[in-house]
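Visitor: So that we are looking at the same thing, I have put the structure below in structure tokens.
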2 protein chains.
Amino acid sequence: MYSNIMIRLTPQKLTELVAERGLKMTPQRRAIVECLAATRVHPTADEVFMDVNRRFPMTSRATVYNTLNLLIDAELVNIIEESGVKRFDPNLEPHHHFICSTCGMVEDVEATDRLETTMLNTGGHQVESMQITLRGTCALCFEVKND
Amino acid sequence: MYSNIMIRLTPQKLTELVAERGLKMTPQRRAIVECLAATRVHPTADEVFMDVNRRFPMTSRATVYNTLNLLIDAELVNIIEESGVKRFDPNLEPHHHFICSTCGMVEDVEATDRLETTMLNTGGHQVESMQITLRGTCALCFEVKND
DNA sequence: TCATGATATTAGAATACATCTAAAAATGGA
DNA sequence: TCCATTTTTAGATGTATTCTAATATCATGA
Ligand SMILES: [Mn+2]
Ligand SMILES: [Mn+2]
Ligand SMILES: [Zn+2]
Ligand SMILES: [Zn+2]
């Protein structure tokens, strides 16, 4: 379903980030990155917090938020906002998203060359990124609805 | 710059909404809708609150939020989330957005037929809408940066 | 017109998510 | 191992939004 050449945040990338910024490697940072690297569900900060605490209790929310913001700043994770919460995306491959209006599920949608070459008139602004969000009803919710 | 056939929220549409839902027409609702109908800046709830209060003091935040949510629910305004705040969009014409990473300005970008006919593989989900967000540096911020 | 019941508005409390603080703990190089 | 520096922590604070319940307004029809 997913190609294994997908560009992703990995624990190795954390090591590089820590090295090049003169930061320190800590179990919390490693646990947060391992959690992100292992998931495709675009977790919220709180979901990361709960997941990390399952394996490494007493990790604080502040550390989770600090680390997530560090990774955002280093462009090793992307951020998606939906219904007032931020979701974190470790998939670095340019891609888009489908969001289910019923269950809130966020799924990756492969980017096509056709759509990347934007024909949009952007009124003289410098465009640096393009993100497409598709909304609708996911296959599962659609099935449930027509039970 | 903007076509005048643009589909927009109008005070008349509020009147229809109020009628078909058995709601009441109030000065607050009218003022909020007039504020939205007159702007192209995609205001936040607080910006609507302040604008409405300039002409109609003592309007509460609760009423602004209630009315905005009523309009969202009736699909007479759309919502854009950016940096943890919701922005409200009375432009009902299908269109996209450019967001300046420097000043936060949100500007409409015309939708093209070419891009509307999505070629994306959506994994069997029912797609109901598609929204493109372009990010970058607006012309003004770019000019300031190269002063 | 006025009374009545339904709906809307209000100020402020409550909630949710995120950031900040400052004291304690952990890290890694000398 | 020591120590300066960085990180973590619990809880406080901030910010955006929703909730509450008392009061005000509206619209209907007697
Ligand atoms: Mn993704
Ligand atoms: Mn718009
Ligand atoms: Zn769903
Ligand atoms: Zn700008």
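By convention in this document, the chains of the structure tokens carry letters A, B, ... by their order, each chain's residues are numbered from 1, and ligands are numbered from 1 in the order they are shown.
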Do a neighbour search on B:Thr102 at 9 Å with only C-alpha atoms (C1' of nucleotides), toss out local chain neighbours closer than 5 positions, and write the hits as an MDAnalysis selection string.

Guide: chainID B and resid 136:138 141

Visitor: Write to file, as a compact mmCIF listing (two decimals), in the first residue's frame, the residues of the selection just made, with C-alpha atoms.

Guide:
```txt
# COMPACT_ATOMS: atom_id res chain seq x y z
CA GLY B 136 4.75 31.53 1.04
CA THR B 137 5.69 35.20 1.25
CA CYS B 138 3.20 37.82 0.11
CA CYS B 141 6.37 41.12 2.93
```

Visitor: May I ask you to write as an mmCIF file with all heavy atoms, in the first residue's frame all residues lying at most 12 Å from ligand 4, with only C-alpha atoms (C1' of nucleotides) and all ligand atoms counted?

Guide:
```cif
data_model
loop_
_atom_site.group_PDB
_atom_site.id
_atom_site.type_symbol
_atom_site.label_atom_id
_atom_site.label_comp_id
_atom_site.auth_asym_id
_atom_site.auth_seq_id
_atom_site.Cartn_x
_atom_site.Cartn_y
_atom_site.Cartn_z
ATOM 1 N N GLY A 124 1.040 37.456 -7.633
ATOM 2 C CA GLY A 124 2.352 38.053 -7.399
ATOM 3 C C GLY A 124 3.013 37.682 -6.088
ATOM 4 O O GLY A 124 4.016 38.285 -5.697
ATOM 5 N N HIS A 125 2.486 36.696 -5.378
ATOM 6 C CA HIS A 125 3.113 36.269 -4.128
ATOM 7 C C HIS A 125 4.090 35.124 -4.395
ATOM 8 O O HIS A 125 3.960 34.397 -5.377
ATOM 9 C CB HIS A 125 2.050 35.822 -3.124
ATOM 10 C CG HIS A 125 0.965 36.837 -2.916
ATOM 11 N ND1 HIS A 125 1.254 38.156 -2.629
ATOM 12 C CD2 HIS A 125 -0.379 36.751 -2.969
ATOM 13 C CE1 HIS A 125 0.125 38.825 -2.511
ATOM 14 N NE2 HIS A 125 -0.893 38.000 -2.715
ATOM 15 N N GLN A 126 5.055 34.979 -3.474
ATOM 16 C CA GLN A 126 6.048 33.908 -3.592
ATOM 17 C C GLN A 126 5.494 32.627 -2.976
ATOM 18 O O GLN A 126 5.459 32.508 -1.755
ATOM 19 C CB GLN A 126 7.322 34.276 -2.839
ATOM 20 C CG GLN A 126 7.967 35.577 -3.244
ATOM 21 C CD GLN A 126 8.624 35.500 -4.600
ATOM 22 O OE1 GLN A 126 8.256 36.222 -5.507
ATOM 23 N NE2 GLN A 126 9.589 34.608 -4.731
ATOM 24 N N VAL A 127 5.110 31.683 -3.792
ATOM 25 C CA VAL A 127 4.541 30.432 -3.263
ATOM 26 C C VAL A 127 5.667 29.469 -2.902
ATOM 27 O O VAL A 127 6.555 29.221 -3.712
ATOM 28 C CB VAL A 127 3.591 29.789 -4.289
ATOM 29 C CG1 VAL A 127 3.076 28.457 -3.763
ATOM 30 C CG2 VAL A 127 2.435 30.729 -4.604
ATOM 31 N N PHE B 98 -4.148 31.603 -0.530
ATOM 32 C CA PHE B 98 -2.726 31.841 -0.309
ATOM 33 C C PHE B 98 -2.590 32.418 1.096
ATOM 34 O O PHE B 98 -3.301 33.361 1.452
ATOM 35 C CB PHE B 98 -2.166 32.849 -1.334
ATOM 36 C CG PHE B 98 -0.759 33.254 -1.036
ATOM 37 C CD1 PHE B 98 0.312 32.504 -1.514
ATOM 38 C CD2 PHE B 98 -0.493 34.366 -0.241
ATOM 39 C CE1 PHE B 98 1.625 32.872 -1.201
ATOM 40 C CE2 PHE B 98 0.819 34.728 0.077
ATOM 41 C CZ PHE B 98 1.876 33.974 -0.409
ATOM 42 N N ILE B 99 -1.700 31.853 1.885
ATOM 43 C CA ILE B 99 -1.458 32.348 3.243
ATOM 44 C C ILE B 99 -0.007 32.787 3.361
ATOM 45 O O ILE B 99 0.909 32.023 3.033
ATOM 46 C CB ILE B 99 -1.754 31.264 4.301
ATOM 47 C CG1 ILE B 99 -3.211 30.781 4.166
ATOM 48 C CG2 ILE B 99 -1.477 31.783 5.712
ATOM 49 C CD1 ILE B 99 -3.604 29.690 5.142
ATOM 50 N N CYS B 100 0.217 34.027 3.794
ATOM 51 C CA CYS B 100 1.581 34.525 3.956
ATOM 52 C C CYS B 100 2.146 34.042 5.289
ATOM 53 O O CYS B 100 1.566 34.302 6.339
ATOM 54 C CB CYS B 100 1.616 36.051 3.887
ATOM 55 S SG CYS B 100 3.284 36.709 4.172
ATOM 56 N N SER B 101 3.278 33.364 5.231
ATOM 57 C CA SER B 101 3.901 32.821 6.445
ATOM 58 C C SER B 101 4.448 33.929 7.325
ATOM 59 O O SER B 101 4.675 33.733 8.516
ATOM 60 C CB SER B 101 5.049 31.886 6.063
ATOM 61 O OG SER B 101 4.653 31.013 5.036
ATOM 62 N N THR B 102 4.665 35.112 6.742
ATOM 63 C CA THR B 102 5.250 36.222 7.493
ATOM 64 C C THR B 102 4.181 37.029 8.228
ATOM 65 O O THR B 102 4.256 37.206 9.442
ATOM 66 C CB THR B 102 6.066 37.133 6.554
ATOM 67 O OG1 THR B 102 7.035 36.318 5.875
ATOM 68 C CG2 THR B 102 6.783 38.234 7.323
ATOM 69 N N CYS B 103 3.169 37.517 7.495
ATOM 70 C CA CYS B 103 2.186 38.402 8.121
ATOM 71 C C CYS B 103 0.839 37.706 8.396
ATOM 72 O O CYS B 103 -0.029 38.271 9.059
ATOM 73 C CB CYS B 103 1.960 39.647 7.265
ATOM 74 S SG CYS B 103 1.182 39.322 5.665
ATOM 75 N N GLY B 104 0.665 36.492 7.901
ATOM 76 C CA GLY B 104 -0.558 35.751 8.174
ATOM 77 C C GLY B 104 -1.728 36.082 7.276
ATOM 78 O O GLY B 104 -2.798 35.477 7.401
ATOM 79 N N MET B 105 -1.538 37.024 6.367
ATOM 80 C CA MET B 105 -2.594 37.422 5.433
ATOM 81 C C MET B 105 -3.125 36.228 4.636
ATOM 82 O O MET B 105 -2.357 35.362 4.226
ATOM 83 C CB MET B 105 -2.009 38.495 4.502
ATOM 84 C CG MET B 105 -2.813 38.810 3.293
ATOM 85 S SD MET B 105 -2.485 37.642 1.948
ATOM 86 C CE MET B 105 -1.407 38.577 0.912
ATOM 87 N N VAL B 106 -4.435 36.175 4.468
ATOM 88 C CA VAL B 106 -5.070 35.099 3.689
ATOM 89 C C VAL B 106 -5.759 35.715 2.475
ATOM 90 O O VAL B 106 -6.605 36.596 2.637
ATOM 91 C CB VAL B 106 -6.111 34.335 4.530
ATOM 92 C CG1 VAL B 106 -6.777 33.237 3.704
ATOM 93 C CG2 VAL B 106 -5.483 33.760 5.790
ATOM 94 N N GLU B 107 -5.383 35.278 1.291
ATOM 95 C CA GLU B 107 -5.970 35.851 0.077
ATOM 96 C C GLU B 107 -6.590 34.762 -0.789
ATOM 97 O O GLU B 107 -6.077 33.655 -0.870
ATOM 98 C CB GLU B 107 -4.875 36.580 -0.716
ATOM 99 C CG GLU B 107 -5.429 37.488 -1.800
ATOM 100 C CD GLU B 107 -4.336 38.373 -2.401
ATOM 101 O OE1 GLU B 107 -3.992 39.387 -1.770
ATOM 102 O OE2 GLU B 107 -3.828 38.038 -3.484
ATOM 103 N N ARG B 135 1.195 28.374 0.530
ATOM 104 C CA ARG B 135 1.880 29.150 1.551
ATOM 105 C C ARG B 135 3.144 29.755 0.975
ATOM 106 O O ARG B 135 3.752 29.172 0.067
ATOM 107 C CB ARG B 135 2.255 28.264 2.745
ATOM 108 C CG ARG B 135 1.174 28.148 3.793
ATOM 109 C CD ARG B 135 1.435 27.001 4.752
ATOM 110 N NE ARG B 135 0.311 26.086 4.744
ATOM 111 C CZ ARG B 135 -0.725 26.182 5.555
ATOM 112 N NH1 ARG B 135 -0.735 27.116 6.490
ATOM 113 N NH2 ARG B 135 -1.744 25.332 5.463
ATOM 114 N N GLY B 136 3.532 30.892 1.521
ATOM 115 C CA GLY B 136 4.746 31.531 1.038
ATOM 116 C C GLY B 136 4.873 32.927 1.607
ATOM 117 O O GLY B 136 4.436 33.179 2.722
ATOM 118 N N THR B 137 5.496 33.822 0.816
ATOM 119 C CA THR B 137 5.694 35.197 1.251
ATOM 120 C C THR B 137 4.877 36.096 0.334
ATOM 121 O O THR B 137 5.027 36.025 -0.879
ATOM 122 C CB THR B 137 7.183 35.569 1.147
ATOM 123 O OG1 THR B 137 7.955 34.551 1.795
ATOM 124 C CG2 THR B 137 7.477 36.905 1.805
ATOM 125 N N CYS B 138 4.030 36.948 0.933
ATOM 126 C CA CYS B 138 3.205 37.820 0.105
ATOM 127 C C CYS B 138 4.064 38.918 -0.519
ATOM 128 O O CYS B 138 5.172 39.198 -0.064
ATOM 129 C CB CYS B 138 2.048 38.406 0.911
ATOM 130 S SG CYS B 138 2.458 39.798 1.948
ATOM 131 N N ALA B 139 3.540 39.533 -1.565
ATOM 132 C CA ALA B 139 4.285 40.552 -2.316
ATOM 133 C C ALA B 139 4.796 41.661 -1.393
ATOM 134 O O ALA B 139 5.942 42.106 -1.509
ATOM 135 C CB ALA B 139 3.397 41.133 -3.416
ATOM 136 N N LEU B 140 3.949 42.087 -0.453
ATOM 137 C CA LEU B 140 4.319 43.171 0.464
ATOM 138 C C LEU B 140 5.452 42.763 1.396
ATOM 139 O O LEU B 140 6.447 43.490 1.544
ATOM 140 C CB LEU B 140 3.080 43.571 1.291
ATOM 141 C CG LEU B 140 3.069 44.999 1.813
ATOM 142 C CD1 LEU B 140 2.944 45.996 0.672
ATOM 143 C CD2 LEU B 140 1.922 45.189 2.804
ATOM 144 N N CYS B 141 5.322 41.598 2.018
ATOM 145 C CA CYS B 141 6.370 41.120 2.927
ATOM 146 C C CYS B 141 7.671 40.873 2.171
ATOM 147 O O CYS B 141 8.760 41.100 2.700
ATOM 148 C CB CYS B 141 5.921 39.836 3.626
ATOM 149 S SG CYS B 141 4.666 40.128 4.893
ATOM 150 N N PHE B 142 7.557 40.421 0.924
ATOM 151 C CA PHE B 142 8.744 40.161 0.117
ATOM 152 C C PHE B 142 9.489 41.463 -0.147
ATOM 153 O O PHE B 142 10.712 41.528 -0.040
ATOM 154 C CB PHE B 142 8.353 39.504 -1.207
ATOM 155 C CG PHE B 142 9.523 39.048 -2.026
ATOM 156 C CD1 PHE B 142 10.187 37.867 -1.706
ATOM 157 C CD2 PHE B 142 9.969 39.795 -3.104
ATOM 158 C CE1 PHE B 142 11.273 37.434 -2.452
ATOM 159 C CE2 PHE B 142 11.065 39.372 -3.855
ATOM 160 C CZ PHE B 142 11.709 38.193 -3.532
ATOM 161 N N GLU B 143 8.717 42.514 -0.442
ATOM 162 C CA GLU B 143 9.282 43.840 -0.696
ATOM 163 C C GLU B 143 9.991 44.379 0.549
ATOM 164 O O GLU B 143 11.113 44.866 0.478
ATOM 165 C CB GLU B 143 8.143 44.786 -1.098
ATOM 166 C CG GLU B 143 8.566 45.978 -1.931
ATOM 167 C CD GLU B 143 7.364 46.853 -2.273
ATOM 168 O OE1 GLU B 143 6.385 46.298 -2.833
ATOM 169 O OE2 GLU B 143 7.385 48.049 -1.964
ATOM 170 N N VAL B 144 9.315 44.260 1.694
ATOM 171 C CA VAL B 144 9.879 44.727 2.968
ATOM 172 C C VAL B 144 11.198 44.012 3.273
ATOM 173 O O VAL B 144 12.179 44.625 3.688
ATOM 174 C CB VAL B 144 8.859 44.510 4.126
ATOM 175 C CG1 VAL B 144 9.508 44.731 5.480
ATOM 176 C CG2 VAL B 144 7.658 45.427 3.944
ATOM 177 N N LYS B 145 11.202 42.691 3.019
ATOM 178 C CA LYS B 145 12.393 41.871 3.282
ATOM 179 C C LYS B 145 13.583 42.349 2.445
ATOM 180 O O LYS B 145 14.717 42.361 2.907
ATOM 181 C CB LYS B 145 12.070 40.404 2.979
ATOM 182 C CG LYS B 145 12.973 39.412 3.670
ATOM 183 C CD LYS B 145 12.324 38.029 3.765
ATOM 184 C CE LYS B 145 11.923 37.472 2.406
ATOM 185 N NZ LYS B 145 11.214 36.159 2.525
#
```

Visitor: Using only C-alpha atoms (C1' of nucleotides), find which residues of chain C lie within 12 Å of chain A and jot them down as a list in words.

Guide: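 Interface list for chain C against chain A: DA16, DC17, DA18, DT19, DC20, DT21, DA26, DT27, DG28 and DG29 of chain C.
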
Visitor: Would you output that residue set with C-alpha atoms (C1' of nucleotides), as a compact mmCIF listing (two decimals), in the first residue's frame?

Guide:
```txt
# COMPACT_ATOMS: atom_id res chain seq x y z
C1' DA C 16 -9.38 22.59 25.66
C1' DC C 17 -5.09 23.02 23.69
C1' DA C 18 -0.71 25.05 23.87
C1' DT C 19 3.12 27.70 25.97
C1' DC C 20 5.75 29.43 29.79
C1' DT C 21 8.26 29.16 34.31
C1' DA C 26 20.22 14.52 33.23
C1' DT C 27 23.69 14.92 29.77
C1' DG C 28 28.26 14.84 27.80
C1' DG C 29 32.83 16.79 27.50
```

Visitor: Kindly provide, as an MDAnalysis selection string, all nucleotide and amino acid residues lying within 6 Å of ligand 1, counting only C-alpha atoms (C1' of nucleotides) and all ligand atoms.

Guide: chainID A and resid 89 91 108

Visitor: Could you save those same residues with all heavy atoms as an mmCIF file, in the first residue's frame?

Guide:
```cif
data_model
loop_
_atom_site.group_PDB
_atom_site.id
_atom_site.type_symbol
_atom_site.label_atom_id
_atom_site.label_comp_id
_atom_site.auth_asym_id
_atom_site.auth_seq_id
_atom_site.Cartn_x
_atom_site.Cartn_y
_atom_site.Cartn_z
ATOM 1 N N ASP A 89 2.738 15.067 11.327
ATOM 2 C CA ASP A 89 2.918 14.180 10.182
ATOM 3 C C ASP A 89 4.398 13.960 9.914
ATOM 4 O O ASP A 89 5.102 14.874 9.494
ATOM 5 C CB ASP A 89 2.256 14.828 8.960
ATOM 6 C CG ASP A 89 2.206 13.880 7.776
ATOM 7 O OD1 ASP A 89 2.869 12.829 7.821
ATOM 8 O OD2 ASP A 89 1.501 14.207 6.801
ATOM 9 N N ASN A 91 5.629 12.021 7.640
ATOM 10 C CA ASN A 91 5.848 11.677 6.226
ATOM 11 C C ASN A 91 6.348 12.916 5.490
ATOM 12 O O ASN A 91 5.606 13.878 5.295
ATOM 13 C CB ASN A 91 4.545 11.155 5.629
ATOM 14 C CG ASN A 91 4.674 10.803 4.152
ATOM 15 O OD1 ASN A 91 5.750 10.946 3.551
ATOM 16 N ND2 ASN A 91 3.588 10.337 3.572
ATOM 17 N N ASP A 108 -3.134 9.768 4.091
ATOM 18 C CA ASP A 108 -2.285 10.318 3.043
ATOM 19 C C ASP A 108 -2.876 10.074 1.665
ATOM 20 O O ASP A 108 -3.473 9.036 1.414
ATOM 21 C CB ASP A 108 -0.897 9.679 3.104
ATOM 22 C CG ASP A 108 -0.079 10.217 4.259
ATOM 23 O OD1 ASP A 108 -0.492 11.223 4.869
ATOM 24 O OD2 ASP A 108 0.967 9.622 4.563
#
```

Visitor: Mind listing the helix (DSSP H, G or I) residues of stretch 42-101 of chain A, per DSSP on the backbone, as a PyMOL selection string?

Guide: chain A and resi 45-55+61-73
